[in-house]
$ cat upload-v3.txt   # compact mmCIF, C-alpha atoms and all ligand atoms
# COMPACT_ATOMS: atom_id res chain seq x y z
CA MET A 1 -15.73 -5.98 -9.14
CA HIS A 2 -13.52 -4.28 -11.67
CA PHE A 3 -11.90 -1.18 -10.16
CA MET A 4 -12.35 1.16 -13.10
CA SER A 5 -16.04 0.48 -13.36
CA SER A 6 -16.39 1.34 -9.66
CA TRP A 7 -15.20 4.92 -10.06
CA ARG A 8 -17.49 5.40 -13.01
CA ARG A 9 -20.47 3.82 -11.28
CA PHE A 10 -20.47 5.90 -8.09
CA LYS A 11 -21.26 9.63 -7.95
CA ILE A 12 -18.52 9.91 -5.31
CA PRO A 13 -16.08 7.02 -5.84
CA ILE A 14 -13.50 5.81 -3.34
CA ALA A 15 -10.64 7.11 -5.52
CA LYS A 16 -10.39 8.93 -8.81
CA PRO A 17 -7.16 8.60 -10.74
CA GLU A 18 -6.18 11.65 -12.77
CA VAL A 19 -4.76 11.29 -16.27
CA THR A 20 -3.84 14.72 -17.64
CA SER A 21 -3.02 15.77 -21.20
CA ASP A 22 0.69 15.78 -20.21
CA ASP A 23 0.32 12.16 -19.09
CA VAL A 24 -1.30 11.23 -22.39
CA ALA A 25 1.42 13.07 -24.35
CA SER A 26 4.12 11.19 -22.43
CA VAL A 27 2.51 7.79 -23.15
CA VAL A 28 1.92 8.66 -26.80
CA GLU A 29 5.55 9.75 -27.15
CA ALA A 30 6.72 6.35 -25.85
CA LEU A 31 4.28 4.51 -28.11
CA GLU A 32 5.28 6.52 -31.17
CA LYS A 33 8.88 5.56 -30.53
CA GLY A 34 7.72 1.94 -30.51
CA ASN A 35 8.73 1.51 -26.86
CA LEU A 36 6.48 -1.35 -25.80
CA SER A 37 8.48 -3.47 -23.35
CA SER A 38 11.09 -2.13 -20.89
CA GLY A 39 13.51 0.45 -22.28
CA GLU A 40 14.64 4.05 -21.89
CA TYR A 41 11.45 5.23 -20.15
CA VAL A 42 11.76 2.52 -17.50
CA GLU A 43 15.36 3.58 -16.89
CA ARG A 44 14.39 7.24 -16.59
CA PHE A 45 11.43 6.41 -14.34
CA GLU A 46 13.67 4.33 -12.07
CA LYS A 47 16.21 7.13 -11.71
CA ALA A 48 13.52 9.74 -11.05
CA PHE A 49 11.72 7.53 -8.51
CA ALA A 50 14.93 6.59 -6.66
CA SER A 51 15.82 10.24 -6.39
CA PHE A 52 12.29 11.18 -5.22
CA VAL A 53 12.35 8.51 -2.50
CA GLY A 54 15.96 9.12 -1.49
CA ALA A 55 17.03 5.53 -2.16
CA ARG A 56 20.14 4.54 -4.15
CA HIS A 57 18.34 2.13 -6.48
CA ALA A 58 14.88 1.63 -7.95
CA VAL A 59 13.80 -1.37 -10.03
CA ALA A 60 10.51 -1.09 -11.91
CA VAL A 61 8.21 -4.12 -12.09
CA ASN A 62 4.64 -4.70 -13.24
CA SER A 63 2.84 -4.60 -9.85
CA GLY A 64 3.30 -3.89 -6.18
CA THR A 65 2.81 -7.59 -5.50
CA ALA A 66 5.70 -8.37 -7.88
CA ALA A 67 7.92 -5.85 -6.08
CA LEU A 68 7.31 -7.68 -2.77
CA GLN A 69 7.90 -11.11 -4.32
CA VAL A 70 11.18 -9.94 -5.83
CA ALA A 71 12.25 -8.23 -2.59
CA LEU A 72 11.69 -11.41 -0.58
CA LYS A 73 13.60 -13.56 -3.06
CA THR A 74 16.57 -11.16 -3.27
CA MET A 75 16.90 -11.60 0.48
CA GLY A 76 16.83 -15.37 0.30
CA VAL A 77 13.43 -15.81 1.97
CA GLY A 78 12.22 -19.30 1.06
CA GLN A 79 10.89 -22.67 2.14
CA GLY A 80 10.57 -23.08 5.90
CA ASP A 81 11.26 -19.43 6.72
CA GLU A 82 8.97 -17.14 8.67
CA VAL A 83 8.23 -13.52 7.87
CA ILE A 84 6.66 -11.25 10.48
CA THR A 85 3.91 -9.11 9.00
CA THR A 86 0.42 -7.69 9.50
CA SER A 87 -2.91 -9.31 8.77
CA PHE A 88 -4.47 -5.85 8.42
CA SER A 89 -3.51 -5.39 4.78
CA PHE A 90 -4.41 -6.28 1.24
CA ALA A 91 -3.83 -10.02 0.70
CA ALA A 92 -0.85 -9.31 -1.60
CA THR A 93 1.38 -8.67 1.44
CA SER A 94 0.88 -12.20 2.75
CA ASN A 95 0.50 -13.79 -0.68
CA ALA A 96 4.03 -12.68 -1.57
CA ILE A 97 5.32 -14.39 1.60
CA VAL A 98 3.40 -17.62 0.95
CA LEU A 99 4.47 -17.68 -2.72
CA ALA A 100 8.09 -17.46 -1.52
CA GLY A 101 7.44 -20.71 0.38
CA ALA A 102 7.53 -18.96 3.76
CA ARG A 103 4.98 -18.63 6.54
CA PRO A 104 3.39 -15.30 7.48
CA VAL A 105 3.57 -14.66 11.23
CA TYR A 106 1.12 -11.98 12.27
CA VAL A 107 1.64 -9.27 14.84
CA ASP A 108 -1.41 -7.34 16.01
CA ILE A 109 -1.84 -3.67 15.14
CA GLU A 110 -1.78 -0.44 17.12
CA GLU A 111 -5.22 0.99 17.92
CA ASP A 112 -4.58 4.45 16.53
CA THR A 113 -2.59 4.00 13.31
CA TYR A 114 -3.50 0.36 12.40
CA ASN A 115 0.20 -0.31 11.83
CA VAL A 116 2.02 -3.26 13.41
CA ASP A 117 2.62 -2.83 17.12
CA PRO A 118 6.39 -2.89 17.61
CA ARG A 119 5.92 -3.88 21.26
CA LEU A 120 4.44 -7.21 20.14
CA THR A 121 6.96 -7.83 17.38
CA GLU A 122 9.90 -9.17 19.38
CA LYS A 123 7.74 -11.93 20.92
CA ALA A 124 6.93 -13.18 17.40
CA ILE A 125 10.59 -13.74 16.46
CA THR A 126 11.70 -17.39 16.32
CA ARG A 127 14.73 -19.27 14.96
CA LYS A 128 12.95 -19.43 11.61
CA THR A 129 12.29 -15.71 11.26
CA LYS A 130 14.08 -14.26 8.27
CA ALA A 131 12.44 -10.89 7.74
CA ILE A 132 9.94 -8.35 9.04
CA MET A 133 7.62 -6.97 6.36
CA PRO A 134 5.09 -4.49 7.79
CA ILE A 135 2.95 -2.14 5.73
CA HIS A 136 2.61 1.63 6.18
CA TYR A 137 -1.17 1.61 6.60
CA GLY A 138 -3.08 3.67 4.07
CA GLY A 139 -0.32 6.27 3.63
CA GLN A 140 1.12 6.56 7.17
CA CYS A 141 4.46 4.95 8.06
CA CYS A 142 4.73 2.30 10.77
CA GLU A 143 7.04 2.65 13.77
CA VAL A 144 10.18 2.26 11.69
CA ASP A 145 12.86 2.98 14.33
CA GLU A 146 11.57 0.33 16.73
CA ILE A 147 11.23 -2.25 13.97
CA LYS A 148 14.65 -1.47 12.54
CA GLU A 149 16.19 -1.84 15.98
CA LEU A 150 14.60 -5.29 16.37
CA ALA A 151 15.70 -6.32 12.89
CA GLU A 152 19.28 -5.30 13.62
CA LYS A 153 19.29 -6.97 17.05
CA HIS A 154 18.04 -10.29 15.61
CA ASP A 155 19.84 -10.11 12.26
CA LEU A 156 16.62 -9.93 10.23
CA ARG A 157 15.84 -8.11 6.99
CA PHE A 158 13.35 -5.26 7.08
CA ILE A 159 11.16 -4.92 3.98
CA GLU A 160 8.68 -2.04 3.74
CA ASP A 161 5.41 -2.86 2.05
CA ALA A 162 5.14 0.74 0.88
CA ALA A 163 2.46 -0.04 -1.71
CA ALA A 164 0.41 3.02 -0.77
CA ASN A 165 3.26 5.26 0.28
CA ALA A 166 4.90 7.18 -2.55
CA GLY A 167 5.64 10.44 -0.73
CA SER A 168 4.95 9.31 2.87
CA LEU A 169 7.46 10.67 5.37
CA TYR A 170 8.76 9.16 8.59
CA LYS A 171 10.79 11.60 10.70
CA GLY A 172 11.55 13.56 7.54
CA LYS A 173 12.64 10.55 5.47
CA ARG A 174 10.62 9.11 2.64
CA ALA A 175 9.05 5.65 2.72
CA GLY A 176 11.11 3.42 0.47
CA SER A 177 14.40 4.62 1.95
CA LEU A 178 13.81 3.28 5.45
CA GLY A 179 14.49 -0.49 5.30
CA ASP A 180 16.57 -3.03 3.36
CA ALA A 181 14.09 -2.83 0.47
CA ALA A 182 10.59 -1.55 -0.23
CA GLY A 183 7.78 -2.35 -2.64
CA PHE A 184 5.48 0.32 -4.12
CA SER A 185 2.25 -0.11 -6.10
CA PHE A 186 1.12 2.14 -8.95
CA PHE A 187 -2.38 0.67 -9.22
CA PRO A 188 -4.89 3.41 -10.20
CA ASP A 189 -6.19 3.98 -6.66
CA LYS A 190 -2.72 5.08 -5.53
CA ASN A 191 -1.48 8.70 -5.50
CA MET A 192 0.36 8.05 -8.74
CA THR A 193 -0.32 5.37 -11.30
CA THR A 194 1.21 3.54 -14.23
CA GLY A 195 -2.00 1.56 -14.86
CA GLU A 196 -0.67 -1.61 -13.30
CA GLY A 197 2.89 -1.32 -12.02
CA GLY A 198 5.23 -1.35 -9.08
CA MET A 199 8.72 -0.38 -7.92
CA LEU A 200 11.31 -1.93 -5.64
CA THR A 201 13.62 0.54 -3.94
CA THR A 202 16.74 -0.26 -1.96
CA ASN A 203 20.07 1.16 -0.85
CA ASP A 204 21.69 -2.24 -1.30
CA ALA A 205 23.43 -2.65 -4.68
CA GLU A 206 23.29 -6.47 -4.49
CA VAL A 207 19.54 -6.49 -3.85
CA ALA A 208 19.04 -4.14 -6.81
CA GLU A 209 21.20 -6.25 -9.09
CA ARG A 210 19.30 -9.45 -8.19
CA ALA A 211 15.97 -7.70 -8.61
CA ARG A 212 16.99 -6.59 -12.10
CA TYR A 213 17.47 -10.14 -13.30
CA LEU A 214 14.69 -11.75 -11.23
CA ARG A 215 12.14 -9.58 -13.08
CA LYS A 216 13.51 -10.97 -16.38
CA ASN A 217 13.14 -14.69 -15.71
CA GLY A 218 16.49 -14.67 -13.90
CA ALA A 219 18.49 -13.68 -16.99
CA THR A 220 21.52 -11.39 -16.67
CA THR A 221 21.92 -11.27 -20.44
CA ARG A 222 19.77 -12.74 -23.21
CA TYR A 223 19.14 -16.48 -22.66
CA TYR A 224 21.63 -16.65 -19.77
CA HIS A 225 19.67 -17.49 -16.63
CA VAL A 226 21.53 -17.29 -13.33
CA ASP A 227 18.39 -17.80 -11.24
CA ILE A 228 14.72 -18.75 -11.48
CA GLY A 229 12.71 -15.56 -11.87
CA TRP A 230 9.48 -14.22 -13.30
CA ASN A 231 8.41 -11.99 -16.13
CA PHE A 232 7.71 -8.92 -14.01
CA LYS A 233 8.94 -6.28 -16.49
CA MET A 234 7.21 -2.89 -16.71
CA PRO A 235 6.27 -1.78 -20.24
CA ASP A 236 7.93 1.48 -21.34
CA PHE A 237 4.66 3.28 -22.06
CA CYS A 238 3.56 2.56 -18.47
CA ALA A 239 6.86 4.03 -17.23
CA ALA A 240 6.16 7.07 -19.43
CA LEU A 241 2.88 7.53 -17.56
CA GLY A 242 4.67 7.04 -14.23
CA LEU A 243 7.33 9.64 -15.10
CA SER A 244 4.66 12.18 -15.91
CA GLN A 245 2.57 11.37 -12.81
CA LEU A 246 5.62 11.50 -10.52
CA LYS A 247 6.27 15.11 -11.56
CA ARG A 248 3.06 16.23 -9.87
CA LEU A 249 2.97 13.76 -6.98
CA ASP A 250 3.77 16.38 -4.32
CA GLY A 251 0.92 18.52 -5.65
CA THR A 252 -1.44 15.53 -5.67
CA ILE A 253 -0.62 14.82 -2.03
CA SER A 254 -1.11 18.41 -0.92
CA ARG A 255 -4.50 18.53 -2.67
CA LYS A 256 -5.46 15.36 -0.79
CA ASP A 257 -4.17 16.93 2.44
CA LYS A 258 -6.77 19.66 2.01
CA VAL A 259 -9.55 17.10 1.53
CA ALA A 260 -8.39 15.17 4.61
CA LEU A 261 -8.44 18.40 6.62
CA MET A 262 -12.00 19.20 5.49
CA TYR A 263 -13.07 15.71 6.52
CA SER A 264 -11.34 15.84 9.90
CA GLU A 265 -12.83 19.23 10.80
CA THR A 266 -16.38 18.04 10.17
CA LEU A 267 -16.05 14.49 11.47
CA ALA A 268 -14.68 15.75 14.79
CA SER A 269 -18.17 17.01 15.65
CA ILE A 270 -20.01 13.79 14.72
CA PRO A 271 -20.41 11.54 17.76
CA LYS A 272 -19.45 7.84 17.60
CA VAL A 273 -17.03 8.40 14.69
CA LYS A 274 -13.26 8.06 15.10
CA PRO A 275 -11.34 9.96 12.41
CA PRO A 276 -7.78 8.88 11.48
CA THR A 277 -4.91 9.63 13.87
CA VAL A 278 -1.70 10.98 12.36
CA LEU A 279 1.40 10.79 14.55
CA ASN A 280 3.49 13.97 14.75
CA HIS A 281 6.56 12.44 13.16
CA ASN A 282 4.59 11.13 10.15
CA LYS A 283 3.44 12.73 6.93
CA HIS A 284 0.32 10.90 5.76
CA THR A 285 -0.37 10.67 2.03
CA TRP A 286 -4.04 9.68 2.28
CA MET A 287 -4.24 6.72 -0.01
CA LEU A 288 -6.96 5.78 2.47
CA PHE A 289 -9.11 7.94 4.71
CA ALA A 290 -10.39 5.34 7.16
CA ILE A 291 -12.78 6.03 10.04
CA ARG A 292 -14.05 3.77 12.82
CA VAL A 293 -17.67 3.36 13.85
CA THR A 294 -19.13 0.16 15.32
CA LYS A 295 -19.77 -3.01 13.35
CA SER A 296 -23.55 -2.85 13.51
CA ARG A 297 -23.46 0.77 12.35
CA ARG A 298 -20.65 0.21 9.83
CA ASP A 299 -22.46 -2.25 7.59
CA LYS A 300 -25.65 -0.16 7.58
CA LEU A 301 -23.66 3.01 6.95
CA MET A 302 -21.92 1.48 3.92
CA LYS A 303 -25.23 0.34 2.49
CA ASN A 304 -26.91 3.68 2.96
CA LEU A 305 -23.98 5.65 1.57
CA ALA A 306 -23.94 3.36 -1.50
CA ALA A 307 -27.64 4.10 -2.00
CA LYS A 308 -26.68 7.81 -2.14
CA GLY A 309 -23.97 7.11 -4.77
CA ILE A 310 -21.09 7.24 -2.27
CA GLU A 311 -18.56 4.41 -2.46
CA THR A 312 -16.87 3.08 0.67
CA ARG A 313 -14.58 0.11 1.31
CA ILE A 314 -13.39 -2.07 4.16
CA ASN A 315 -9.62 -1.80 4.30
CA TRP A 316 -9.24 -4.54 5.23
CA PRO A 317 -11.04 -7.72 6.14
CA PRO A 318 -8.13 -9.43 7.98
CA ILE A 319 -5.98 -11.69 5.82
CA HIS A 320 -5.71 -14.47 8.42
CA LEU A 321 -9.48 -14.99 8.22
CA GLN A 322 -9.58 -15.27 4.42
CA PRO A 323 -10.61 -18.81 3.33
CA ALA A 324 -7.24 -19.52 1.68
CA TYR A 325 -5.37 -18.67 4.88
CA VAL A 326 -7.73 -20.59 7.14
CA ARG A 327 -7.33 -23.61 4.88
CA LEU A 328 -3.55 -23.37 4.58
CA PHE A 329 -2.62 -22.40 8.12
CA GLY A 330 -5.70 -23.09 10.25
CA PHE A 331 -5.85 -19.51 11.55
CA GLU A 332 -8.87 -18.78 13.72
CA ARG A 333 -10.76 -15.72 14.86
CA GLY A 334 -9.45 -14.54 18.23
CA ILE A 335 -5.71 -14.65 17.53
CA LEU A 336 -5.45 -10.95 16.58
CA PRO A 337 -8.12 -9.09 18.58
CA ARG A 338 -7.26 -5.53 17.50
CA THR A 339 -6.96 -6.48 13.83
CA GLU A 340 -10.26 -8.33 13.94
CA LYS A 341 -12.04 -5.47 15.73
CA ALA A 342 -10.69 -2.96 13.21
CA GLY A 343 -11.79 -5.25 10.38
CA ASP A 344 -15.27 -5.18 11.91
CA ASP A 345 -15.73 -1.47 12.38
CA ILE A 346 -13.43 0.38 9.98
CA VAL A 347 -14.63 2.01 6.79
CA SER A 348 -12.72 3.96 4.14
CA LEU A 349 -14.33 7.10 2.77
CA PRO A 350 -13.86 8.49 -0.74
CA ILE A 351 -10.74 10.64 -1.13
CA TYR A 352 -9.20 12.04 -4.30
CA PRO A 353 -7.34 15.24 -5.19
CA SER A 354 -10.22 16.86 -7.09
CA MET A 355 -12.76 16.14 -4.33
CA SER A 356 -14.68 19.36 -3.67
CA ARG A 357 -15.90 20.83 -0.40
CA GLU A 358 -19.44 20.04 -1.58
CA GLU A 359 -18.58 16.38 -2.18
CA VAL A 360 -16.93 16.11 1.24
CA GLY A 361 -20.05 17.76 2.65
CA LEU A 362 -22.33 15.20 1.00
CA VAL A 363 -20.33 12.36 2.56
CA THR A 364 -20.12 13.88 6.04
CA THR A 365 -23.79 14.91 6.05
CA ALA A 366 -24.78 11.37 5.09
CA ILE A 367 -22.60 10.00 7.93
CA SER A 368 -23.98 12.49 10.40
CA GLU A 369 -27.59 11.55 9.53
CA GLU A 370 -26.76 7.89 9.80
CA MET A 371 -25.13 8.30 13.22
CA ARG A 372 -28.05 10.34 14.49
CA ASP A 373 -30.56 7.72 13.35
CA SER A 374 -28.71 4.66 14.61
C1 LIG B 401 -0.56 -2.83 1.35
C2 LIG B 401 -0.54 -3.35 -0.06
N1 LIG B 401 0.41 -4.22 -0.43
C3 LIG B 401 0.48 -4.70 -1.68
C4 LIG B 401 -0.39 -4.28 -2.66
C5 LIG B 401 -0.30 -4.88 -4.03
O1 LIG B 401 -0.08 -3.94 -5.06
P1 LIG B 401 -0.54 -4.30 -6.56
O2 LIG B 401 -2.02 -4.25 -6.59
O3 LIG B 401 0.10 -3.21 -7.39
O4 LIG B 401 0.00 -5.64 -6.88
C6 LIG B 401 -1.40 -3.37 -2.33
C7 LIG B 401 -2.36 -2.91 -3.34
O5 LIG B 401 -3.22 -2.11 -3.08
C8 LIG B 401 -1.48 -2.90 -1.00
O6 LIG B 401 -2.43 -2.03 -0.63
$ encode --input "upload-v3.txt" --output "structure tokens"
Amino acid sequence: MHFMSSWRRFKIPIAKPEVTSDDVASVVEALEKGNLSSGEYVERFEKAFASFVGARHAVAVNSGTAALQVALKTMGVGQGDEVITTSFSFAATSNAIVLAGARPVYVDIEEDTYNVDPRLTEKAITRKTKAIMPIHYGGQCCEVDEIKELAEKHDLRFIEDAAANAGSLYKGKRAGSLGDAAGFSFFPDKNMTTGEGGMLTTNDAEVAERARYLRKNGATTRYYHVDIGWNFKMPDFCAALGLSQLKRLDGTISRKDKVALMYSETLASIPKVKPPTVLNHNKHTWMLFAIRVTKSRRDKLMKNLAAKGIETRINWPPIHLQPAYVRLFGFERGILPRTEKAGDDIVSLPIYPSMSREEVGLVTTAISEEMRDS
């Protein structure tokens, strides 16, 4: 179903993007200047985003998926290579790997954070492994130090799928500054949006330079193509929206922090519900607020919440069990027990900056009733 219609259809939607009058003014300004494709706003957005993240370079593209595809190609990932990743993600993470011609190799997740388990990662490394590309699940960074150490030891590249992580902190450092490159998404359910859009960040000047021409069909100057690329350019008026949204990102995150706290306080007293765990060294940005129940209860809970106008989602049904992946790679249920179990009993609750105490109350009361009755 179309995302935008979902947040209009539900009384309490899963996410609610905010477009303020300043955002509109910024977009109108770009449009009035006739800035339709990439131009000065993209350049300004890139500089502002790089500085926000604490990375040397930022390259704007037109989706988070595109950012991952470009990142993989800048690092030479291609036919016959393997990339270690997680199956507990949106399909784009693996799709980018498969579209590069490589094979996704899945490592199971940790029980508490749903991020890749670094203890299982080394066993998955083979002669063909070229990169490790974990996600930072729902707004919380994965175990970066352990993964970085493995990448260095085995001469692998470390790409952060930071789609949901503008503003996430790991030991005081921002997601997007932690690996060889990172990909962000600015889809409307994220903490900041450009409509559709994405950003690659990196500290590596060569990666940034390649990314800049790969997003323009591989052209370094007009009609001079040094590589095979895509048209992944971000329109200037989208960058104008991003620039304006970025200015209040910290505020957006702290408003969501308050909602997460309200949820956690109430959910703690509801039996058979596991609220999210945030590790001490992480700053969560709450793109997702995912709880665990049991499968039999989960499906009924989602149905009954929907009947009350409350939207929920499963983030995510494991990628390795999607029909395309079963067909291409022959993956079977049983290979990733923790991922599969989480896919069975996890459910994301609505969370957005303007969510009121009353709205949180409606959701938690509905969950509490459901748990009591089941
Ligand atoms: C973990 C993850 N990776 C990649 C993407 C793809 O981003 P986009 O939808 O901007 O292409 C998403 C989108 O939600 C995501 O959640």
$ closest_residue --input "upload-v3.txt" --among "A:Val278, A:Met192, A:Ala162, A:Leu120" --to "Gly251 of chain A" --atoms "all atoms listed in the file"
A:Met192
$ residues_near_ligand --input "upload-v3.txt" --ligand "ligand LIG 401 (chain B)" --cutoff "8 Å" --atoms "all atoms listed in the file" --output "PyMOL selection string"
chain A and resi 62-68+89-93+135-138+161-164+183-187+189-190+196-198
$ atom_distance --input "upload-v3.txt" --atom1 "atom CA of Asp112 of chain A" --atom2 "atom CA of Ala166 of chain A"
21.5 Å
$ residues_around --input "upload-v3.txt" --residues "segment 294-304 of chain A" --least-positions-apart "3" --cutoff "6 Å" --atoms "only C-alpha atoms" --output "compact mmCIF listing (two decimals) with C-alpha atoms, in the frame of the given file"
# COMPACT_ATOMS: atom_id res chain seq x y z
CA ALA A 307 -27.64 4.10 -2.00
CA ASP A 344 -15.27 -5.18 11.91
CA ASP A 345 -15.73 -1.47 12.38
$ residues_near_point --input "upload-v3.txt" --point "(10.3, 3.9, -14.9)" --cutoff "7 Å" --atoms "only C-alpha atoms" --output "ChimeraX atom specification"
/A:41-46,60,239-240,242-243
$ write_last_selection --input "upload-v3.txt" --atoms "C-alpha atoms" --output "compact mmCIF listing (two decimals), in the frame of the given file"
# COMPACT_ATOMS: atom_id res chain seq x y z
CA TYR A 41 11.45 5.23 -20.15
CA VAL A 42 11.76 2.52 -17.50
CA GLU A 43 15.36 3.58 -16.89
CA ARG A 44 14.39 7.24 -16.59
CA PHE A 45 11.43 6.41 -14.34
CA GLU A 46 13.67 4.33 -12.07
CA ALA A 60 10.51 -1.09 -11.91
CA ALA A 239 6.86 4.03 -17.23
CA ALA A 240 6.16 7.07 -19.43
CA GLY A 242 4.67 7.04 -14.23
CA LEU A 243 7.33 9.64 -15.10
$ closest_residue --input "upload-v3.txt" --among "A:Lys258, A:Lys233, A:Lys130, A:Lys274" --to "Glu152 of chain A" --atoms "all atoms listed in the file"
A:Lys130
$ closest_residue --input "upload-v3.txt" --among "A:Tyr263, A:Leu72, A:Gly361, A:Pro13" --to "Leu214 of chain A" --atoms "all atoms listed in the file"
A:Leu72
$ residues_around --input "upload-v3.txt" --residues "Thr85 of chain A" --least-positions-apart "5" --cutoff "7 Å" --atoms "only C-alpha atoms" --output "ChimeraX atom specification"
/A:104-107,132-134
$ closest_residue --input "upload-v3.txt" --among "A:Leu241, A:Ala306, A:Cys141, A:Leu261" --to "Leu279 of chain A" --atoms "all atoms listed in the file"
A:Cys141
$ decode --input "upload-v3.txt" --residues "segment 295-358 of chain A" --atoms "C-alpha atoms" --output "PDB file, in the first residue's frame"
ATOM      1  CA  LYS A 295       3.483 -14.900  17.233  1.00  0.00           C
ATOM      2  CA  SER A 296      -0.022 -16.068  18.048  1.00  0.00           C
ATOM      3  CA  ARG A 297      -0.642 -12.883  20.018  1.00  0.00           C
ATOM      4  CA  ARG A 298       1.196 -10.630  17.549  1.00  0.00           C
ATOM      5  CA  ASP A 299      -1.028 -11.243  14.554  1.00  0.00           C
ATOM      6  CA  LYS A 300      -4.209 -10.853  16.622  1.00  0.00           C
ATOM      7  CA  LEU A 301      -2.830  -7.736  18.296  1.00  0.00           C
ATOM      8  CA  MET A 302      -2.078  -6.096  14.938  1.00  0.00           C
ATOM      9  CA  LYS A 303      -5.562  -6.870  13.680  1.00  0.00           C
ATOM     10  CA  ASN A 304      -7.274  -5.539  16.773  1.00  0.00           C
ATOM     11  CA  LEU A 305      -5.155  -2.392  16.902  1.00  0.00           C
ATOM     12  CA  ALA A 306      -5.951  -1.742  13.214  1.00  0.00           C
ATOM     13  CA  ALA A 307      -9.656  -2.047  14.034  1.00  0.00           C
ATOM     14  CA  LYS A 308      -9.123   0.764  16.587  1.00  0.00           C
ATOM     15  CA  GLY A 309      -7.405   2.960  13.962  1.00  0.00           C
ATOM     16  CA  ILE A 310      -3.877   2.200  15.196  1.00  0.00           C
ATOM     17  CA  GLU A 311      -1.320   1.267  12.547  1.00  0.00           C
ATOM     18  CA  THR A 312       1.430  -1.255  13.271  1.00  0.00           C
ATOM     19  CA  ARG A 313       4.052  -2.920  11.074  1.00  0.00           C
ATOM     20  CA  ILE A 314       6.313  -5.950  11.068  1.00  0.00           C
ATOM     21  CA  ASN A 315       9.877  -4.715  10.761  1.00  0.00           C
ATOM     22  CA  TRP A 316      10.778  -7.026   9.232  1.00  0.00           C
ATOM     23  CA  PRO A 317       9.670 -10.280   7.703  1.00  0.00           C
ATOM     24  CA  PRO A 318      13.168 -11.780   7.131  1.00  0.00           C
ATOM     25  CA  ILE A 319      14.658 -11.087   3.706  1.00  0.00           C
ATOM     26  CA  HIS A 320      16.028 -14.619   3.229  1.00  0.00           C
ATOM     27  CA  LEU A 321      12.462 -15.985   3.300  1.00  0.00           C
ATOM     28  CA  GLN A 322      11.121 -13.561   0.678  1.00  0.00           C
ATOM     29  CA  PRO A 323      10.099 -15.426  -2.516  1.00  0.00           C
ATOM     30  CA  ALA A 324      12.769 -13.711  -4.639  1.00  0.00           C
ATOM     31  CA  TYR A 325      15.525 -14.800  -2.246  1.00  0.00           C
ATOM     32  CA  VAL A 326      14.228 -18.340  -1.882  1.00  0.00           C
ATOM     33  CA  ARG A 327      14.108 -18.622  -5.667  1.00  0.00           C
ATOM     34  CA  LEU A 328      17.541 -17.090  -6.272  1.00  0.00           C
ATOM     35  CA  PHE A 329      19.515 -18.631  -3.430  1.00  0.00           C
ATOM     36  CA  GLY A 330      17.396 -21.508  -2.103  1.00  0.00           C
ATOM     37  CA  PHE A 331      17.382 -20.121   1.450  1.00  0.00           C
ATOM     38  CA  GLU A 332      15.205 -22.073   3.862  1.00  0.00           C
ATOM     39  CA  ARG A 333      13.552 -21.458   7.189  1.00  0.00           C
ATOM     40  CA  GLY A 334      15.801 -22.619  10.024  1.00  0.00           C
ATOM     41  CA  ILE A 335      19.092 -21.047   8.905  1.00  0.00           C
ATOM     42  CA  LEU A 336      18.692 -17.904  11.047  1.00  0.00           C
ATOM     43  CA  PRO A 337      16.694 -18.902  14.149  1.00  0.00           C
ATOM     44  CA  ARG A 338      16.836 -15.572  16.005  1.00  0.00           C
ATOM     45  CA  THR A 339      15.971 -13.548  12.899  1.00  0.00           C
ATOM     46  CA  GLU A 340      13.072 -15.851  12.097  1.00  0.00           C
ATOM     47  CA  LYS A 341      11.754 -15.774  15.669  1.00  0.00           C
ATOM     48  CA  ALA A 342      11.956 -11.977  15.744  1.00  0.00           C
ATOM     49  CA  GLY A 343      10.170 -11.849  12.384  1.00  0.00           C
ATOM     50  CA  ASP A 344       7.412 -13.933  13.971  1.00  0.00           C
ATOM     51  CA  ASP A 345       6.821 -11.988  17.132  1.00  0.00           C
ATOM     52  CA  ILE A 346       8.013  -8.407  16.633  1.00  0.00           C
ATOM     53  CA  VAL A 347       5.672  -5.503  16.012  1.00  0.00           C
ATOM     54  CA  SER A 348       6.407  -1.806  15.495  1.00  0.00           C
ATOM     55  CA  LEU A 349       4.162   0.699  17.240  1.00  0.00           C
ATOM     56  CA  PRO A 350       3.311   4.178  15.969  1.00  0.00           C
ATOM     57  CA  ILE A 351       5.922   6.811  16.855  1.00  0.00           C
ATOM     58  CA  TYR A 352       6.189  10.396  15.642  1.00  0.00           C
ATOM     59  CA  PRO A 353       7.357  13.672  17.189  1.00  0.00           C
ATOM     60  CA  SER A 354       3.874  15.151  17.652  1.00  0.00           C
ATOM     61  CA  MET A 355       2.476  11.997  19.270  1.00  0.00           C
ATOM     62  CA  SER A 356       0.615  13.040  22.421  1.00  0.00           C
ATOM     63  CA  ARG A 357       0.440  11.356  25.814  1.00  0.00           C
ATOM     64  CA  GLU A 358      -3.213  10.570  25.015  1.00  0.00           C
TER      65      GLU A 358
END
